[in-house]
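Engineer: Before I ask anything, let me first share the structure, which is written out below as structure tokens.
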Amino acid sequence: METIERAIDPSHMKISDEIAIQIRAMNKWYGQFHVLRDINLTVHRGERIVICGPSGSGKSTLIRCINRLEEHQSGQIVVDGTELTSDLKNIDTVRSEVGMVFQHFNLFPHLTILENCTLAPIWVRKVPKEEAEETAMHFLRKVKIPDQAHKYPGQLSGGQQQRVAIARSLCMKPRIMLFDEPTSALDPEMIKEVLDTMISLAEEGMTMLCVTHEMGFAQAVANRVVFMDQGQIVEQNTPREFFNNPQSERTKMFLSQILGH
Amino acid sequence: MSDTHAQTVPFVRDTMLPQAAPPAGQAGAVRWLRENLFSGWVNTVLTLLGLLALFVLVKEMAPWFLHSVWNANTLTECRQIVADRWGPDATGACWAMIRERWPQFLFGFYPSNLYWRPVTALVLLFVALAPVLFPGVPRRLMVFSVLYPFLGFWLLWGGSIWLPVVAILGFVIGYAVWRVLQRRSPLLALLGGIVAALVWWLFLAGPVNEALTSALPLGLEMVRSDRFGGFVLSLTIGVAAISLSLPLGIMLALGRQSDMFLIKTMSVCFIEFIRGVPLITLLFTASLLLNYFLPPGTNFDIILRVIIMVTLFAAAYIAEVIRGGLAALPRGQYEAGNALGLNYFQAQRLIILPQALKISIPGIVSTFIGLFKDTTLVIFVGLLDPLKGITDAVRASTDWKGIYWEPYIFVGAIFFLFCFGMSRYSMHLERRLKRDHR
């Protein structure tokens, strides 16, 4: 297994008592199919949670429920004190506080990198254009691609596009970041540059929920690993305990599958 | 590396190969000819046959064009000139007819002392189109583009200046109400704006117009709709229907994608009904049936009715073309917009529609070209279109009785110019909006 050789200074990464996300007895169905079953999860501010599990276990669906890209049918999801219901105002509030990075980047191909980053601040937060561009350049520098600002997404490599996607989310100054398999669509050579960006984000104390198969990232950055199977949370623990001393049979099997070779 | 042979499995490249040019003689005109026209005996025979057909076609048609007569007063005179010059059996085109009758092709029976009005309207049309079509033109000119429909209407039909002014006031009032209510709720503002504008147009605009006209009678001489004809008619209907059908088509396409049952059902019914009916049926409805449904005594202008029907017809097609563009967008685009907190209208306007419309450009322009050519169908409701209406009028005169090809070729050529122009603009637009793989 690859390890990420980067010392993380834990002093910045304090986890506060404040609750960022509270999910209680949440259930979701696709038609008759019960995708998420009785999910209970509390995320404190500053936590870095990695969600893993076999494909089809509902991990993506779970984090997509947190900003209401998917609707849950029962139970409660409270994000930053705002409960997600069908009330559009609440949904907008939550979405502007929660950033999301997708597996396939989902950059807007008809806009330049800079316009991709300034679109939401200008239209949602009503930030003046110059200020939005300044912020955007700040975050583009942070993900190390300020020189690509006037290109279009189609001209960038996958890794660069994903870093732009991260910068685009950060421009909204979110308090929580969701990552939905951010490195799964990338060539191996580009995975590291994206993971590095995510690590530096974690170092700054961002609350992060990350669906990923990068177990090295989980060990280096996460303070908690959540393992899901068949729409349920099967096990959650610190990375050290999770990898070295898994409790459930299902977890052991999963870990032997992915770490066995 | 020359000592590497197939049996040796281990291999290490010590020098990376530089990029090399392709071998000489792999490009050029001769090679192109050999590859595309004479690549085998079948293709060679086909090429020669094609050239022969082309030769025969030109040989038969060229004399007719070469023997063109531009100066004559009647068809008989034309034929006499051709016979005198090229022998008794020669044929020749008689373009003299166009020379004499072109005002009729362009203006129909529009009063000849007022020709300056449609001409001004046409020139101003290009001024109004410039900022819409080309990004290099100053954005401020857009104000003129917005006002142009009212100005164009006034120039073409004439009448009191106050009619277009009170019509504009309706929009201003609607906008003001929308602006005031915007802070309360967007939906309420939209409804309030529409209702306010409608109330103004239906109940207040008429009396205000009359009062202003009697107080300050400014205006142009009225021209009735039945005096319109030729390309003035085609262009009026075409331009109005094109500019109205695009927004309507977009709304219908979005309506069809809507989650709201009522809006979706209404859009689907409208689109399927309109597409399922021939345009001529709609035009007949416009000219005959509509009068039964309107209160007795209302005189609803026939050109206006035709514009409405052609607009509805084209909008249904455009809606389906745009739906194709919307369907081509990955779901991730909608999700990314939502995840960033953009609301429905912002996401549609900033993310979805720019991309969907770009994909739909060829289809939309095809629909526009079809619409423009379909304006000749107004002959069936008694309006004088250039293709049949005016041509028949010309051929009915004693001077030009029996002329056949020339008017149709002339009208066809003008239609071709407009349609080819639209087609080239659409290709230009596609190139301009191309974003990937540059």
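As shown in the structure tokens, the chain order sets the letters A, B, ...; within each chain, residues go from 1, and ligands are also counted from 1 in the order they appear.
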Find the spatial neighbours of Arg250 in chain A, counting only C-alpha atoms, within a cut-off of 12 Å - ignore same-chain residues fewer than 2 positions away - and output them as an mmCIF file with N, CA and C atoms, in the first residue's frame.
Structural biologist:
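Below is the file selection-v9.cif, written as the result:
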data_model
loop_
_atom_site.group_PDB
_atom_site.id
_atom_site.type_symbol
_atom_site.label_atom_id
_atom_site.label_comp_id
_atom_site.auth_asym_id
_atom_site.auth_seq_id
_atom_site.Cartn_x
_atom_site.Cartn_y
_atom_site.Cartn_z
ATOM 1 N N GLY A 53 -16.199 1.454 1.340
ATOM 2 C CA GLY A 53 -17.096 0.311 1.252
ATOM 3 C C GLY A 53 -17.161 -0.158 -0.173
ATOM 4 N N PRO A 54 -17.712 -1.360 -0.384
ATOM 5 C CA PRO A 54 -17.798 -1.872 -1.750
ATOM 6 C C PRO A 54 -18.732 -1.029 -2.606
ATOM 7 N N PHE A 227 -17.217 2.611 7.478
ATOM 8 C CA PHE A 227 -17.324 1.541 6.492
ATOM 9 C C PHE A 227 -18.793 1.214 6.254
ATOM 10 N N MET A 228 -19.193 1.222 4.992
ATOM 11 C CA MET A 228 -20.599 0.977 4.665
ATOM 12 C C MET A 228 -20.729 -0.266 3.822
ATOM 13 N N ASP A 229 -21.824 -0.976 4.017
ATOM 14 C CA ASP A 229 -22.157 -2.099 3.145
ATOM 15 C C ASP A 229 -23.665 -2.251 3.097
ATOM 16 N N GLN A 230 -24.189 -2.528 1.940
ATOM 17 C CA GLN A 230 -25.623 -2.713 1.730
ATOM 18 C C GLN A 230 -26.460 -1.599 2.352
ATOM 19 N N GLN A 232 -25.868 0.331 4.807
ATOM 20 C CA GLN A 232 -25.803 0.561 6.248
ATOM 21 C C GLN A 232 -24.384 0.892 6.663
ATOM 22 N N ILE A 233 -24.279 1.604 7.776
ATOM 23 C CA ILE A 233 -22.957 1.816 8.354
ATOM 24 C C ILE A 233 -22.624 0.571 9.147
ATOM 25 N N VAL A 234 -21.555 -0.121 8.726
ATOM 26 C CA VAL A 234 -21.221 -1.387 9.368
ATOM 27 C C VAL A 234 -20.244 -1.166 10.520
ATOM 28 N N GLU A 235 -19.307 -0.262 10.281
ATOM 29 C CA GLU A 235 -18.284 -0.073 11.309
ATOM 30 C C GLU A 235 -17.712 1.321 11.160
ATOM 31 N N PRO A 246 -9.859 -4.545 12.620
ATOM 32 C CA PRO A 246 -11.253 -4.438 12.204
ATOM 33 C C PRO A 246 -12.122 -5.416 12.994
ATOM 34 N N GLN A 247 -13.334 -4.984 13.322
ATOM 35 C CA GLN A 247 -14.191 -5.793 14.187
ATOM 36 C C GLN A 247 -15.101 -6.726 13.394
ATOM 37 N N SER A 248 -15.839 -6.184 12.431
ATOM 38 C CA SER A 248 -16.842 -7.036 11.787
ATOM 39 C C SER A 248 -16.217 -7.894 10.690
ATOM 40 N N LYS A 252 -13.406 -7.017 7.621
ATOM 41 C CA LYS A 252 -12.178 -7.794 7.436
ATOM 42 C C LYS A 252 -12.066 -8.261 5.996
ATOM 43 N N MET A 253 -13.197 -8.751 5.458
ATOM 44 C CA MET A 253 -13.193 -9.249 4.098
ATOM 45 C C MET A 253 -12.863 -8.125 3.107
ATOM 46 N N PHE A 254 -13.523 -6.966 3.347
ATOM 47 C CA PHE A 254 -13.295 -5.822 2.460
ATOM 48 C C PHE A 254 -11.830 -5.411 2.479
ATOM 49 N N LEU A 255 -11.274 -5.324 3.696
ATOM 50 C CA LEU A 255 -9.891 -4.882 3.814
ATOM 51 C C LEU A 255 -8.951 -5.893 3.171
ATOM 52 N N SER A 256 -9.242 -7.189 3.314
ATOM 53 C CA SER A 256 -8.357 -8.178 2.711
ATOM 54 C C SER A 256 -8.451 -8.089 1.188
ATOM 55 N N GLN A 257 -9.636 -7.716 0.688
ATOM 56 C CA GLN A 257 -9.794 -7.552 -0.763
ATOM 57 C C GLN A 257 -8.930 -6.404 -1.280
#
Engineer: Among range 8-254 of chain A, which residues carry a DSSP assignment of helix (DSSP H, G or I), reported as an MDAnalysis selection string?
Structural biologist: chainID A and resid 10:12 59:66 88:97 113:123 129:142 146:148 153:155 158:170 188:203 215:221 239:244 249:254
Engineer: For the contact check between chain A and chain B, emit one row per residue of chain A within 6 Å, containing the shortest atom pair and the distance in Å rounded to one decimal, counting only C-alpha atoms, chain then rising number order, as a Markdown table.
Structural biologist:
| residue | atom | partner | partner_atom | distance |
| --- | --- | --- | --- | --- |
| A:Asp92 | CA | B:Gly341 | CA | 5.5 |
| A:Arg95 | CA | B:Gly341 | CA | 4.9 |
| A:Ser96 | CA | B:Gly341 | CA | 5.0 |
| A:Asn106 | CA | B:Gly332 | CA | 5.4 |
| A:Gly154 | CA | B:Asp436 | CA | 4.8 |
Engineer: Write a file of the just-selected residues containing N, CA, C and O atoms, as a JSON list (two decimals), in the first residue's frame.
Structural biologist:
[["chain", "number", "residue", "atom", "x", "y", "z"],
["A", 92, "ASP", "N", -31.10, 25.89, -0.20],
["A", 92, "ASP", "CA", -30.15, 26.87, -0.72],
["A", 92, "ASP", "C", -29.12, 27.26, 0.34],
["A", 92, "ASP", "O", -27.94, 27.40, 0.05],
["A", 95, "ARG", "N", -26.69, 24.41, 0.70],
["A", 95, "ARG", "CA", -25.81, 24.24, -0.46],
["A", 95, "ARG", "C", -24.75, 25.32, -0.54],
["A", 95, "ARG", "O", -23.65, 25.09, -1.04],
["A", 96, "SER", "N", -25.08, 26.52, -0.05],
["A", 96, "SER", "CA", -24.06, 27.56, -0.13],
["A", 96, "SER", "C", -23.02, 27.41, 0.98],
["A", 96, "SER", "O", -21.97, 28.02, 0.92],
["A", 106, "ASN", "N", -17.15, 17.79, -13.24],
["A", 106, "ASN", "CA", -18.32, 18.62, -13.55],
["A", 106, "ASN", "C", -18.00, 20.11, -13.62],
["A", 106, "ASN", "O", -18.78, 20.93, -13.17],
["A", 154, "GLY", "N", -11.61, 22.08, -20.98],
["A", 154, "GLY", "CA", -11.22, 21.04, -21.92],
["A", 154, "GLY", "C", -9.73, 21.05, -22.24],
["A", 154, "GLY", "O", -9.20, 20.09, -22.79]]
Engineer: Do you have the CA of Val78 in chain A-CA of Leu36 in chain A distance handy?
Structural biologist: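 It comes out at 16.6 Å.
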Engineer: I'd like to know which residues of range 128-246 of chain A are strand (DSSP E) (by DSSP, run on the backbone); could you write them as JSON, numbers by chain?
Structural biologist: {"A": [176, 177, 178, 179, 180, 207, 208, 209, 210, 211, 224, 225, 226, 227, 228, 229, 232, 233, 234, 235, 236, 237]}
Engineer: So which residues touch range 399-408 of chain B within 12 Å, counting only C-alpha atoms, skipping near sequence neighbours fewer than 3 positions away, as a ChimeraX atom specification?
Structural biologist: /B:64-65,68-70,72-79,92-102,104-105,230,386-396,411-416
Engineer: What's the separation between CA of Ala218 in chain A and CA of Thr251 in chain A, in Å to one decimal place?
Structural biologist: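 About the pair CA of Ala218 in chain A and CA of Thr251 in chain A: they are 15.0 Å apart.
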Engineer: Need the shell around range 177-191 of chain A: protein/DNA/RNA residues with any atom at most 9 Å away, counting only C-alpha atoms. Skip same-chain ones fewer than 2 positions apart. Format as a VMD selection string?
Structural biologist: chain A and resid 59 to 60 63 to 64 66 to 67 97 to 105 157 to 160 162 169 to 170 174 to 175 193 to 196 206 to 214
Engineer: Kindly give the distance, in Å, that separates CA of Val127 in chain A and CA of Trp178 in chain B, rounded to a single decimal.
Structural biologist: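 Taking CA of Val127 in chain A as the start and CA of Trp178 in chain B as the end point, the length is 23.4 Å.
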Engineer: List the neighbours of Gly255 in chain B out to 10 Å using only C-alpha atoms; skip same-chain residues closer than 6 positions along the sequence, and give me the result as number ranges by chain.
Structural biologist: B: 249, 261-268, 319, 323
Engineer: Deliver the residues from the most recent selection as a file, using all heavy atoms, as a compact mmCIF listing (two decimals), in the first residue's frame.
Structural biologist:
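In the end it all went to out-v8.txt:
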# COMPACT_ATOMS: atom_id res chain seq x y z
N GLY B 249 -39.77 28.92 -27.83
CA GLY B 249 -39.27 27.55 -27.94
C GLY B 249 -38.47 27.14 -26.72
O GLY B 249 -38.61 26.03 -26.22
N PHE B 261 -46.18 19.05 -12.87
CA PHE B 261 -47.02 18.24 -13.75
C PHE B 261 -47.79 19.10 -14.75
O PHE B 261 -47.82 18.81 -15.94
CB PHE B 261 -47.98 17.41 -12.90
CG PHE B 261 -48.93 16.60 -13.72
CD1 PHE B 261 -48.50 15.46 -14.38
CD2 PHE B 261 -50.26 16.99 -13.84
CE1 PHE B 261 -49.37 14.73 -15.15
CE2 PHE B 261 -51.13 16.25 -14.60
CZ PHE B 261 -50.69 15.12 -15.25
N LEU B 262 -48.42 20.17 -14.25
CA LEU B 262 -49.30 20.97 -15.11
C LEU B 262 -48.50 21.62 -16.24
O LEU B 262 -48.89 21.57 -17.42
CB LEU B 262 -49.98 22.04 -14.26
CG LEU B 262 -51.33 22.51 -14.80
CD1 LEU B 262 -52.29 21.34 -14.89
CD2 LEU B 262 -51.89 23.61 -13.93
N ILE B 263 -47.36 22.21 -15.87
CA ILE B 263 -46.53 22.89 -16.88
C ILE B 263 -46.03 21.89 -17.91
O ILE B 263 -46.09 22.11 -19.11
CB ILE B 263 -45.35 23.60 -16.19
CG1 ILE B 263 -45.88 24.77 -15.37
CG2 ILE B 263 -44.32 24.07 -17.19
CD1 ILE B 263 -44.84 25.56 -14.66
N LYS B 264 -45.61 20.73 -17.43
CA LYS B 264 -45.08 19.71 -18.32
C LYS B 264 -46.17 19.24 -19.29
O LYS B 264 -45.95 19.19 -20.50
CB LYS B 264 -44.57 18.54 -17.47
CG LYS B 264 -43.83 17.49 -18.27
CD LYS B 264 -43.48 16.32 -17.36
CE LYS B 264 -43.02 15.14 -18.18
NZ LYS B 264 -41.59 14.99 -18.22
N THR B 265 -47.36 18.93 -18.73
CA THR B 265 -48.45 18.43 -19.58
C THR B 265 -48.84 19.46 -20.63
O THR B 265 -49.02 19.13 -21.80
CB THR B 265 -49.68 18.10 -18.72
OG1 THR B 265 -49.24 17.40 -17.57
CG2 THR B 265 -50.66 17.26 -19.49
N MET B 266 -48.95 20.72 -20.19
CA MET B 266 -49.35 21.76 -21.14
C MET B 266 -48.31 21.90 -22.25
O MET B 266 -48.66 22.03 -23.43
CB MET B 266 -49.54 23.09 -20.42
CG MET B 266 -50.95 23.23 -19.84
SD MET B 266 -51.10 24.52 -18.58
CE MET B 266 -50.37 25.90 -19.38
N SER B 267 -47.04 21.88 -21.89
CA SER B 267 -45.99 22.01 -22.91
C SER B 267 -46.05 20.84 -23.88
O SER B 267 -45.97 21.03 -25.10
CB SER B 267 -44.61 22.04 -22.25
OG SER B 267 -44.55 23.05 -21.29
N VAL B 268 -46.16 19.62 -23.34
CA VAL B 268 -46.19 18.44 -24.21
C VAL B 268 -47.38 18.52 -25.16
O VAL B 268 -47.24 18.33 -26.37
CB VAL B 268 -46.23 17.15 -23.37
CG1 VAL B 268 -46.48 15.95 -24.28
CG2 VAL B 268 -44.95 16.98 -22.60
N ALA B 319 -38.55 23.95 -29.75
CA ALA B 319 -38.59 23.35 -28.42
C ALA B 319 -38.01 21.94 -28.48
O ALA B 319 -37.24 21.53 -27.60
CB ALA B 319 -40.02 23.31 -27.90
N ARG B 323 -34.70 20.56 -26.74
CA ARG B 323 -34.80 19.41 -25.82
C ARG B 323 -33.68 18.42 -26.10
O ARG B 323 -33.11 17.83 -25.19
CB ARG B 323 -36.17 18.72 -25.97
CG ARG B 323 -36.43 17.71 -24.89
CD ARG B 323 -37.89 17.35 -24.87
NE ARG B 323 -38.28 16.60 -26.05
CZ ARG B 323 -38.34 15.27 -26.09
NH1 ARG B 323 -38.04 14.56 -25.02
NH2 ARG B 323 -38.71 14.64 -27.19
Engineer: Tell me which protein, DNA and RNA residues are within 8 Å of range 18-31 of chain A, counting only C-alpha atoms, leaving out same-chain ones fewer than 2 positions away, and put them as a list of chain:residue names.
Structural biologist: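 These residues fall inside the cut-off: A:Ser16, A:Phe33, A:His34, A:Val35, A:Leu36, A:Arg37, A:Asp38, A:Ile39, A:Asn40, A:Leu41, A:Thr42, A:Val43, A:His44, A:Arg45, A:Glu71, A:His72, A:Gln73, A:Ser74, A:Gly75, A:Gln76, A:Ile77, A:Val78, A:Val79, A:Asp80, A:Gly81, A:Ile176, A:Thr207.
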Engineer: Tell me which protein, DNA and RNA residues are within 8 Å of Leu140 in chain A, counting only C-alpha atoms, leaving out same-chain ones fewer than 3 positions away, and put them as an mmCIF file with C-alpha atoms, in the first residue's frame.
Structural biologist:
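Ended up saving to result-v4.cif:
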data_model
loop_
_atom_site.group_PDB
_atom_site.id
_atom_site.type_symbol
_atom_site.label_atom_id
_atom_site.label_comp_id
_atom_site.auth_asym_id
_atom_site.auth_seq_id
_atom_site.Cartn_x
_atom_site.Cartn_y
_atom_site.Cartn_z
ATOM 1 C CA ALA A 136 -10.707 32.894 -7.196
ATOM 2 C CA MET A 137 -7.076 33.695 -8.013
ATOM 3 C CA VAL A 143 -4.240 24.540 -5.824
ATOM 4 C CA LYS A 144 -1.183 25.609 -7.844
ATOM 5 C CA ILE A 145 -2.753 26.445 -11.203
ATOM 6 C CA PRO A 146 -3.081 30.265 -11.305
ATOM 7 C CA ALA A 149 -7.041 30.833 -15.152
ATOM 8 C CA VAL A 164 -9.972 23.573 -10.312
ATOM 9 C CA ALA A 167 -10.878 25.682 -5.966
#
